[in-house]
>>> print(open('input25.txt').read())   # compact mmCIF, C-alpha atoms
# COMPACT_ATOMS: atom_id res chain seq x y z
CA MET L 15 108.46 84.86 93.51
CA PRO L 16 112.06 85.49 94.58
CA THR L 17 112.92 84.34 98.09
CA LYS L 18 115.97 84.53 100.31
CA ASN L 19 115.96 83.34 103.93
CA CYS L 20 112.30 84.18 104.44
CA LEU L 21 110.84 80.79 105.33
CA ASP L 22 108.88 82.26 108.24
CA TYR L 23 106.72 84.16 105.73
CA LEU L 24 107.03 82.06 102.58
CA ALA L 25 104.38 79.47 103.49
CA ARG L 26 101.90 82.24 104.23
CA ALA L 27 102.57 83.88 100.86
CA ILE L 28 102.09 80.60 98.98
CA ALA L 29 98.89 79.88 100.93
CA SER L 30 97.50 83.19 99.66
CA ILE L 31 98.12 82.01 96.07
CA GLU L 32 96.33 78.73 96.79
CA ALA L 33 93.40 80.76 98.17
CA GLN L 34 92.88 82.35 94.74
CA GLN L 35 91.14 79.07 93.83
CA LEU L 36 92.34 79.01 90.24
CA GLN L 37 93.48 76.02 88.27
CA ASN L 38 96.46 75.86 85.92
CA VAL L 39 98.52 78.35 87.94
CA GLN L 40 102.27 77.90 87.61
CA LEU L 41 104.18 79.05 90.69
CA ILE L 42 107.84 79.80 90.01
CA VAL L 43 109.93 80.31 93.16
CA VAL L 44 113.52 81.46 92.70
CA ASN L 45 115.42 80.44 95.82
CA ASP L 46 118.27 82.95 95.97
CA GLY L 47 120.83 81.13 98.13
CA SER L 48 118.62 80.61 101.19
CA THR L 49 120.23 78.86 104.17
CA ASP L 50 117.15 78.66 106.43
CA GLY L 51 115.60 75.41 105.17
CA THR L 52 113.70 76.98 102.27
CA ASP L 53 115.08 74.45 99.77
CA ASP L 54 113.87 71.44 101.80
CA TRP L 55 110.48 73.06 102.42
CA LEU L 56 109.93 73.75 98.72
CA ARG L 57 111.02 70.23 97.73
CA ALA L 58 108.48 68.81 100.19
CA TYR L 59 105.61 70.96 98.86
CA HIS L 60 102.61 68.87 97.80
CA GLY L 61 99.97 71.58 97.47
CA PRO L 62 97.59 72.25 94.57
CA LEU L 63 99.96 74.56 92.69
CA ALA L 64 102.37 73.46 89.97
CA LEU L 65 105.47 74.63 91.80
CA CYS L 66 108.74 75.10 89.96
CA GLN L 67 111.79 75.81 92.13
CA ILE L 68 114.85 77.48 90.66
CA ASN L 69 117.94 77.45 92.86
CA ALA L 70 120.29 80.36 92.28
CA ASP L 71 122.78 82.37 94.29
CA VAL L 72 122.60 85.80 92.69
CA SER L 73 121.87 88.00 95.74
CA SER L 74 119.65 90.18 93.55
CA PRO L 75 115.84 90.37 93.44
CA ALA L 76 116.11 91.74 89.88
CA LEU L 77 118.18 88.80 88.62
CA ALA L 78 116.01 86.34 90.55
CA ARG L 79 112.82 87.72 88.99
CA ASN L 80 114.42 87.62 85.55
CA LEU L 81 115.29 83.94 86.07
CA GLY L 82 111.69 83.27 87.00
CA LEU L 83 110.44 85.21 84.01
CA ALA L 84 112.60 83.08 81.70
CA GLU L 85 110.88 79.96 83.06
CA ALA L 86 107.33 81.33 82.74
CA SER L 87 105.16 79.85 79.99
CA ALA L 88 101.82 81.60 80.56
CA PRO L 89 100.91 84.75 78.58
CA LEU L 90 100.27 86.65 81.83
CA VAL L 91 102.78 86.93 84.67
CA ALA L 92 102.01 88.10 88.21
CA PHE L 93 104.54 88.94 90.92
CA LEU L 94 104.43 88.26 94.65
CA ASP L 95 107.19 88.97 97.16
CA ASP L 96 107.88 86.22 99.66
CA ASP L 97 106.72 88.23 102.69
CA ASP L 98 103.56 89.68 101.11
CA ILE L 99 100.18 88.04 100.56
CA TRP L 100 97.49 88.26 97.91
CA ARG L 101 93.94 88.86 99.05
CA PRO L 102 91.20 86.46 97.88
CA GLY L 103 89.82 87.26 94.43
CA LYS L 104 92.78 89.39 93.36
CA LEU L 105 94.04 87.09 90.63
CA VAL L 106 90.60 86.37 89.10
CA ALA L 107 89.71 90.06 88.90
CA GLN L 108 93.01 90.89 87.25
CA ILE L 109 92.88 88.08 84.69
CA GLU L 110 89.37 89.18 83.71
CA ALA L 111 90.62 92.76 83.23
CA HIS L 112 93.29 91.53 80.80
CA TRP L 113 90.83 89.31 78.93
CA LYS L 114 88.47 92.25 78.46
CA ASP L 115 91.28 94.58 77.33
CA PRO L 116 93.97 92.47 75.61
CA ALA L 117 96.00 95.57 74.66
CA LEU L 118 96.95 96.14 78.31
CA VAL L 119 100.66 95.72 78.95
CA MET L 120 100.16 95.61 82.72
CA SER L 121 97.68 96.16 85.52
CA PHE L 122 97.93 96.77 89.25
CA THR L 123 95.75 97.25 92.33
CA ASP L 124 95.92 99.10 95.61
CA TYR L 125 97.65 97.41 98.56
CA ARG L 126 97.66 97.73 102.34
CA HIS L 127 100.75 98.41 104.47
CA VAL L 128 100.83 96.01 107.42
CA GLY L 129 103.24 96.00 110.36
CA ILE L 130 104.94 92.84 111.63
CA HIS L 131 102.34 92.59 114.40
CA GLY L 132 99.45 92.90 111.95
CA ASP L 133 98.79 96.59 112.55
CA ASP L 134 97.05 98.37 109.66
CA ARG L 135 99.12 101.29 108.33
CA GLY L 136 96.79 102.32 105.54
CA THR L 137 96.78 101.70 101.82
CA CYS L 138 99.07 103.04 99.11
CA TYR L 139 96.28 105.01 97.42
CA GLU L 140 95.24 106.53 100.74
CA TYR L 141 98.78 107.77 101.27
CA TRP L 142 98.98 109.31 97.79
CA ARG L 143 95.33 110.46 97.85
CA MET L 144 94.55 108.69 94.61
CA ARG L 145 90.96 108.40 93.40
CA ALA L 146 90.80 104.96 91.86
CA PRO L 147 87.96 103.45 89.78
CA ALA L 148 84.95 102.69 91.97
CA ASN L 149 83.78 99.28 93.20
CA GLY L 150 87.08 97.54 92.52
CA ALA L 151 86.70 97.91 88.76
CA PHE L 152 89.69 98.12 86.44
CA ALA L 153 90.13 101.08 84.10
CA ARG L 154 92.95 102.46 82.01
CA LEU L 155 95.24 104.79 83.94
CA PRO L 156 95.36 108.22 82.26
CA SER L 157 98.85 109.30 81.12
CA PRO L 158 100.42 106.30 82.87
CA ALA L 159 104.09 107.17 82.36
CA SER L 160 103.62 110.73 83.63
CA THR L 161 101.48 109.58 86.57
CA LEU L 162 103.96 106.89 87.64
CA LEU L 163 106.90 109.28 87.39
CA GLY L 164 105.18 111.62 89.83
CA ARG L 165 103.84 108.97 92.19
CA ASN L 166 105.03 105.40 92.29
CA ILE L 167 101.69 103.90 93.26
CA VAL L 168 102.55 100.45 91.91
CA GLY L 169 103.29 97.72 94.42
CA THR L 170 105.23 94.85 92.84
CA SER L 171 103.04 92.27 94.55
CA THR L 172 99.96 93.72 92.83
CA VAL L 173 101.30 93.69 89.26
CA MET L 174 100.17 91.48 86.41
CA ALA L 175 101.82 91.98 83.03
CA ARG L 176 101.95 90.41 79.61
CA ARG L 177 104.95 88.12 79.31
CA ASP L 178 105.78 89.39 75.83
CA ALA L 179 105.73 93.00 77.09
CA LEU L 180 108.04 92.12 79.98
CA TRP L 181 110.50 90.51 77.57
CA ALA L 182 110.32 93.46 75.17
CA ALA L 183 111.06 95.80 78.11
CA GLY L 184 114.17 93.80 79.01
CA GLY L 185 112.92 92.63 82.40
CA PHE L 186 114.28 94.07 85.65
CA ASP L 187 117.52 96.03 85.45
CA PRO L 188 120.04 94.36 87.81
CA ASP L 189 122.46 97.28 87.49
CA LEU L 190 120.20 99.58 89.50
CA PRO L 191 121.04 99.70 93.22
CA SER L 192 117.34 99.77 94.11
CA SER L 193 113.85 100.50 92.71
CA GLU L 194 114.33 98.33 89.62
CA ASP L 195 110.62 97.54 89.79
CA TRP L 196 109.64 101.22 89.36
CA ASP L 197 112.03 101.41 86.41
CA LEU L 198 110.32 98.47 84.71
CA TRP L 199 106.79 99.79 85.32
CA LEU L 200 107.81 103.09 83.71
CA THR L 201 109.19 101.25 80.68
CA LEU L 202 105.95 99.28 80.34
CA ALA L 203 103.86 102.44 80.82
CA LYS L 204 105.63 103.99 77.82
CA ALA L 205 104.94 100.88 75.73
CA GLY L 206 101.17 100.60 76.05
CA PRO L 207 98.01 101.04 78.15
CA VAL L 208 98.04 100.30 81.87
CA ALA L 209 94.99 99.44 84.00
CA TRP L 210 94.52 100.15 87.68
CA SER L 211 91.91 99.34 90.29
CA GLY L 212 90.90 100.48 93.75
CA LEU L 213 90.72 96.83 94.79
CA VAL L 214 93.06 96.19 97.72
CA GLY L 215 94.72 93.16 96.19
CA ALA L 216 97.65 92.55 98.53
CA ASP L 217 99.09 93.12 101.99
CA TYR L 218 102.61 94.55 101.98
CA LEU L 219 104.61 93.63 105.07
CA MET L 220 106.67 96.48 106.51
CA ARG L 221 109.47 94.87 108.49
CA PRO L 222 112.82 96.13 109.81
CA GLY L 223 115.87 95.22 107.78
CA SER L 224 114.05 95.12 104.47
CA ARG L 225 115.83 96.18 101.30
CA THR L 226 114.10 99.57 101.24
CA SER L 227 115.91 100.51 104.47
CA ALA L 228 119.13 101.21 102.51
CA ARG L 229 118.19 104.85 101.91
CA ARG L 230 121.35 106.04 100.14
CA HIS L 231 121.09 103.28 97.53
CA ARG L 232 117.40 104.04 97.15
CA TYR L 233 118.04 107.74 96.51
CA GLU L 234 120.79 106.99 93.99
CA ALA L 235 118.43 104.65 92.14
CA LEU L 236 115.60 107.20 92.14
CA LYS L 237 117.93 109.77 90.59
CA MET L 238 119.19 107.33 87.93
CA ILE L 239 115.65 106.28 86.99
CA ALA L 240 114.40 109.86 86.84
CA ASP L 241 117.30 110.82 84.56
CA ARG L 242 116.58 107.78 82.38
CA HIS L 243 112.85 108.26 81.88
CA LEU L 244 112.02 111.95 82.28
CA PRO L 245 113.49 113.04 78.89
CA ARG L 246 111.38 110.36 77.16
CA VAL L 247 108.03 111.10 78.79
CA LYS L 248 105.55 113.87 78.09
CA CYS L 249 105.32 114.67 81.77
CA HIS L 250 102.63 116.92 83.23
CA TRP L 251 104.08 119.84 85.20
CA ARG L 252 102.36 118.61 88.37
CA ASP L 253 104.00 115.21 88.03
CA ARG L 254 107.37 116.90 87.45
CA LEU L 255 106.98 118.70 90.76
CA ARG L 256 105.95 115.49 92.50
CA LEU L 257 109.04 113.77 91.10
CA ALA L 258 111.25 116.63 92.26
CA ALA L 259 109.66 116.38 95.70
CA ARG L 260 110.32 112.62 95.83
CA LEU L 261 113.97 113.19 95.00
CA GLN L 262 114.31 115.83 97.73
CA ILE L 263 112.66 113.57 100.29
CA GLY L 264 114.73 110.59 99.14
CA GLN L 265 117.88 112.65 99.69
CA ALA L 266 116.57 113.74 103.09
CA GLU L 267 115.96 110.13 104.17
CA ALA L 268 119.47 109.15 103.08
CA LEU L 269 121.00 112.05 105.00
CA ALA L 270 118.95 111.24 108.09
CA GLN L 271 120.16 107.64 108.01
CA GLU L 272 123.71 108.99 107.77
CA ALA L 273 123.16 111.04 110.96
CA ARG L 274 123.07 114.42 109.20
CA PRO L 275 119.77 115.71 110.61
CA TRP L 276 120.07 119.39 109.66
CA ALA L 277 120.89 118.68 106.03
CA ALA L 278 118.06 116.14 106.01
CA ALA L 279 115.66 118.72 107.44
CA ALA L 280 116.48 121.20 104.66
CA HIS L 281 115.72 118.63 101.97
CA HIS L 282 112.52 117.62 103.75
CA VAL L 283 111.34 121.24 103.70
CA TRP L 284 112.05 121.57 99.98
CA GLY L 285 110.26 118.30 99.38
CA GLY L 286 107.21 119.53 101.24
CA ILE L 287 107.18 122.80 99.33
CA LEU L 288 107.56 121.13 95.92
CA ALA L 289 104.87 118.57 96.69
CA GLY L 290 102.45 121.42 97.36
CA GLU L 291 100.34 119.18 99.58
CA PRO L 292 99.49 119.94 103.24
CA ARG L 293 100.31 116.37 104.31
CA ALA L 294 103.74 116.46 102.69
CA PHE L 295 104.57 119.82 104.25
CA ARG L 296 103.39 118.65 107.69
CA ASP L 297 105.60 115.56 107.36
CA SER L 298 108.54 117.75 106.39
CA LEU L 299 107.97 120.11 109.33
CA ALA L 300 107.75 117.13 111.69
CA ASN L 301 111.14 115.94 110.44
CA VAL L 302 112.61 119.41 110.96
CA LEU L 303 111.36 119.52 114.54
CA THR L 304 112.61 115.98 115.20
CA SER L 305 116.06 116.89 113.92
CA ARG L 306 116.30 119.67 116.52
CA THR L 307 115.82 117.37 119.51
CA PRO L 308 118.90 116.43 121.59
CA ALA L 309 118.43 112.75 120.68
CA ALA L 310 118.43 113.54 116.98
CA ARG L 311 121.47 115.82 117.24
CA SER L 312 123.47 113.09 118.99
CA ALA L 313 122.37 110.34 116.56
>>> encode(input="input25.txt", output="structure tokens")
Amino acid sequence: MPTKNCLDYLARAIASIEAQQLQNVQLIVVNDGSTDGTDDWLRAYHGPLALCQINADVSSPALARNLGLAEASAPLVAFLDDDDIWRPGKLVAQIEAHWKDPALVMSFTDYRHVGIHGDDRGTCYEYWRMRAPANGAFARLPSPASTLLGRNIVGTSTVMARRDALWAAGGFDPDLPSSEDWDLWLTLAKAGPVAWSGLVGADYLMRPGSRTSARRHRYEALKMIADRHLPRVKCHWRDRLRLAARLQIGQAEALAQEARPWAAAAHHVWGGILAGEPRAFRDSLANVLTSRTPAARSA
């Protein structure tokens, strides 16, 4: 768990790990230069978890996670962001999936988007219209590398992976400006089988000022990752179109943040067309109409 100035949410995240009711869980928290009292709070922790604190000042979630990974001793590693929470039973179900299928390099579950006031914004699978295994069961994801190139349905706070596979993959790439988690999941998906489940295993907090709000960096990272992995994946044509749509929409979001609404609208339209899905096209049309309003033009 990397953390940086997020003490208001950190205790809640750790409480959700305690609620998994498992013994012999090592919690590694990498405190990335926090100045909000996180260090004192972690030093005073006397809960049931074996907590290891690593103090660093790297200003990078990728480097922080890699430091935590270097400290891990268990054969299975799970990730949790400091402002997310695990739902009860998530960890047990995932460990059992890996015990039953030891060849798995990683597994993941669905997750729910939650606003800062607790409002439910739907799950990841609902957004992507994914039909997951029934009854919360885990099953191997068909063509995982192709599927994850087309739709990044993996939430970092839902992932469990083999430690040896993470090391073989090189961990998280700190040279990427964003989306280094997606890059790592693609590398793992090319290395071996991946399991997924319809279980909603985590709540993902959507809050202003998060790292994903830097849209230009996010688009540049998406392009770099696509260029890195696409030539090495036997990608289904439908997933190629989905990836192309994601890149168009990523560019549109960057342009919109840079107050270039008309250029953003054009990319949104192309994204909707390439996606070939009514929802995506409706979203694109809504962005076009928004960009034509006086408020948008003066933004």
>>> closest_residue(input="input25.txt", among="L:Asp50, L:Glu32, L:Glu234, L:Asp217", to="L:Ser193", atoms="all atoms listed in the file")
L:Glu234
>>> closest_residue(input="input25.txt", among="L:Ala27, L:Val44, L:Ala159, L:Ala84", to="L:Lys248", atoms="only C-alpha atoms")
L:Ala159
>>> closest_residue(input="input25.txt", among="L:Leu81, L:Ala25, L:Ala111, L:Arg254", to="L:Tyr59", atoms="only C-alpha atoms")
L:Ala25
>>> residues_around(input="input25.txt", residues="L:Ala76", least_positions_apart="2", cutoff="6 Å", atoms="only C-alpha atoms", output="PyMOL selection string")
chain L and resi 74+78-79+186+188
>>> residues_around(input="input25.txt", residues="stretch 85-88 of chain L", least_positions_apart="6", cutoff="8 Å", atoms="all atoms listed in the file", output="list of chain:residue names")
L:Gln40, L:Ile42, L:Arg177
>>> closest_atom_pairs(input="input25.txt", of="stretch 183-220 of chain L", to="stretch 152-157 of chain L", cutoff="12 Å", atoms="all atoms listed in the file", output="CSV")
residue,atom,partner,partner_atom,distance
L:Leu200,CA,L:Ser157,CA,11.2
L:Ala203,CA,L:Ser157,CA,8.5
L:Lys204,CA,L:Ser157,CA,9.2
L:Ala205,CA,L:Ser157,CA,11.7
L:Gly206,CA,L:Arg154,CA,10.3
L:Pro207,CA,L:Arg154,CA,6.5
L:Val208,CA,L:Arg154,CA,5.5
L:Ala209,CA,L:Arg154,CA,4.2
L:Trp210,CA,L:Phe152,CA,5.4
L:Ser211,CA,L:Phe152,CA,4.6
L:Gly212,CA,L:Phe152,CA,7.8
L:Leu213,CA,L:Phe152,CA,8.5
L:Val214,CA,L:Phe152,CA,11.9
>>> axis_aligned_box(input="input25.txt", around="stretch 144-162 of chain L", padding_each_side="3 Å", output="lines of an AutoDock Vina configuration file")
center_x = 93.9
center_y = 104.1
center_z = 87.9
size_x = 26.3
size_y = 19.2
size_z = 19.5
>>> closest_residue(input="input25.txt", among="L:Arg165, L:Arg176, L:Arg101, L:Arg221", to="L:Met144", atoms="only C-alpha atoms")
L:Arg165
>>> closest_residue(input="input25.txt", among="L:Leu83, L:Leu190, L:Arg274, L:Leu63", to="L:Met238", atoms="all atoms listed in the file")
L:Leu190
>>> closest_residue(input="input25.txt", among="L:Met174, L:Leu118, L:Arg242, L:Ile109", to="L:Ala92", atoms="all atoms listed in the file")
L:Met174
>>> residues_around(input="input25.txt", residues="L:Asp96", least_positions_apart="4", cutoff="12 Å", atoms="all atoms listed in the file", output="ChimeraX atom specification")
/L:15-31,42-46,52,75,79,100,170-171,217-219,224
>>> atom_distance(input="input25.txt", atom1="atom CA of L:Val247", atom2="atom CA of L:Gly164")
11.4 Å
>>> atom_distance(input="input25.txt", atom1="atom CA of L:Ala182", atom2="atom CA of L:Leu162")
19.4 Å
>>> atom_distance(input="input25.txt", atom1="atom CA of L:Val173", atom2="atom CA of L:Ala33")
17.6 Å
>>> residues_around(input="input25.txt", residues="L:Thr172", least_positions_apart="5", cutoff="9 Å", atoms="all atoms listed in the file", output="PyMOL selection string")
chain L and resi 92-94+100+104+121-125+214-216
>>> residues_near_point(input="input25.txt", point="(118.5, 98.4, 86.3)", cutoff="10 Å", atoms="all atoms listed in the file", output="ChimeraX atom specification")
/L:76-77,184-198,235,238-239
>>> write_last_selection(input="input25.txt", atoms="C-alpha atoms", output="tab-separated table (two decimals), in the coordinates of the input")
chain	number	residue	atom	x	y	z
L	76	ALA	CA	116.11	91.74	89.88
L	77	LEU	CA	118.18	88.80	88.62
L	184	GLY	CA	114.17	93.80	79.01
L	185	GLY	CA	112.92	92.63	82.40
L	186	PHE	CA	114.28	94.07	85.65
L	187	ASP	CA	117.52	96.03	85.45
L	188	PRO	CA	120.04	94.36	87.81
L	189	ASP	CA	122.46	97.28	87.49
L	190	LEU	CA	120.20	99.58	89.50
L	191	PRO	CA	121.04	99.70	93.22
L	192	SER	CA	117.34	99.77	94.11
L	193	SER	CA	113.85	100.50	92.71
L	194	GLU	CA	114.33	98.33	89.62
L	195	ASP	CA	110.62	97.54	89.79
L	196	TRP	CA	109.64	101.22	89.36
L	197	ASP	CA	112.03	101.41	86.41
L	198	LEU	CA	110.32	98.47	84.71
L	235	ALA	CA	118.43	104.65	92.14
L	238	MET	CA	119.19	107.33	87.93
L	239	ILE	CA	115.65	106.28	86.99
>>> residues_around(input="input25.txt", residues="L:Ala268", least_positions_apart="6", cutoff="7 Å", atoms="all atoms listed in the file", output="short mmCIF file (atom, residue, chain, number, x, y, z; two decimals) with C-alpha atoms, in the frame of the given file")
data_model
loop_
_atom_site.label_atom_id
_atom_site.label_comp_id
_atom_site.auth_asym_id
_atom_site.auth_seq_id
_atom_site.Cartn_x
_atom_site.Cartn_y
_atom_site.Cartn_z
CA ARG L 229 118.19 104.85 101.91
CA ARG L 230 121.35 106.04 100.14
CA TYR L 233 118.04 107.74 96.51
#
>>> decode(input="input25.txt", residues="stretch 194-205 of chain L", atoms="N, CA and C atoms", output="PDB file, in the first residue's frame")
ATOM      1  N   GLU L 194       0.878   2.958 -15.088  1.00  0.00           N
ATOM      2  CA  GLU L 194       1.876   1.907 -14.970  1.00  0.00           C
ATOM      3  C   GLU L 194       1.269   0.595 -14.464  1.00  0.00           C
ATOM      4  N   ASP L 195       0.115   0.683 -13.808  1.00  0.00           N
ATOM      5  CA  ASP L 195      -0.554  -0.542 -13.374  1.00  0.00           C
ATOM      6  C   ASP L 195      -1.083  -1.335 -14.571  1.00  0.00           C
ATOM      7  N   TRP L 196      -1.740  -0.650 -15.503  1.00  0.00           N
ATOM      8  CA  TRP L 196      -2.239  -1.309 -16.722  1.00  0.00           C
ATOM      9  C   TRP L 196      -1.083  -1.969 -17.482  1.00  0.00           C
ATOM     10  N   ASP L 197       0.031  -1.282 -17.559  1.00  0.00           N
ATOM     11  CA  ASP L 197       1.212  -1.825 -18.236  1.00  0.00           C
ATOM     12  C   ASP L 197       1.646  -3.139 -17.591  1.00  0.00           C
ATOM     13  N   LEU L 198       1.668  -3.189 -16.263  1.00  0.00           N
ATOM     14  CA  LEU L 198       2.098  -4.402 -15.571  1.00  0.00           C
ATOM     15  C   LEU L 198       1.095  -5.526 -15.751  1.00  0.00           C
ATOM     16  N   TRP L 199      -0.202  -5.211 -15.698  1.00  0.00           N
ATOM     17  CA  TRP L 199      -1.207  -6.280 -15.879  1.00  0.00           C
ATOM     18  C   TRP L 199      -1.092  -6.879 -17.280  1.00  0.00           C
ATOM     19  N   LEU L 200      -0.807  -6.064 -18.274  1.00  0.00           N
ATOM     20  CA  LEU L 200      -0.626  -6.580 -19.631  1.00  0.00           C
ATOM     21  C   LEU L 200       0.597  -7.496 -19.716  1.00  0.00           C
ATOM     22  N   THR L 201       1.670  -7.107 -19.045  1.00  0.00           N
ATOM     23  CA  THR L 201       2.868  -7.953 -19.035  1.00  0.00           C
ATOM     24  C   THR L 201       2.575  -9.289 -18.375  1.00  0.00           C
ATOM     25  N   LEU L 202       1.860  -9.275 -17.264  1.00  0.00           N
ATOM     26  CA  LEU L 202       1.500 -10.517 -16.588  1.00  0.00           C
ATOM     27  C   LEU L 202       0.559 -11.356 -17.447  1.00  0.00           C
ATOM     28  N   ALA L 203      -0.386 -10.695 -18.132  1.00  0.00           N
ATOM     29  CA  ALA L 203      -1.354 -11.419 -18.957  1.00  0.00           C
ATOM     30  C   ALA L 203      -0.683 -12.135 -20.118  1.00  0.00           C
ATOM     31  N   LYS L 204       0.465 -11.637 -20.557  1.00  0.00           N
ATOM     32  CA  LYS L 204       1.222 -12.309 -21.619  1.00  0.00           C
ATOM     33  C   LYS L 204       2.054 -13.468 -21.068  1.00  0.00           C
ATOM     34  N   ALA L 205       2.248 -13.482 -19.737  1.00  0.00           N
ATOM     35  CA  ALA L 205       3.125 -14.479 -19.127  1.00  0.00           C
ATOM     36  C   ALA L 205       2.408 -15.741 -18.685  1.00  0.00           C
TER      37      ALA L 205
END
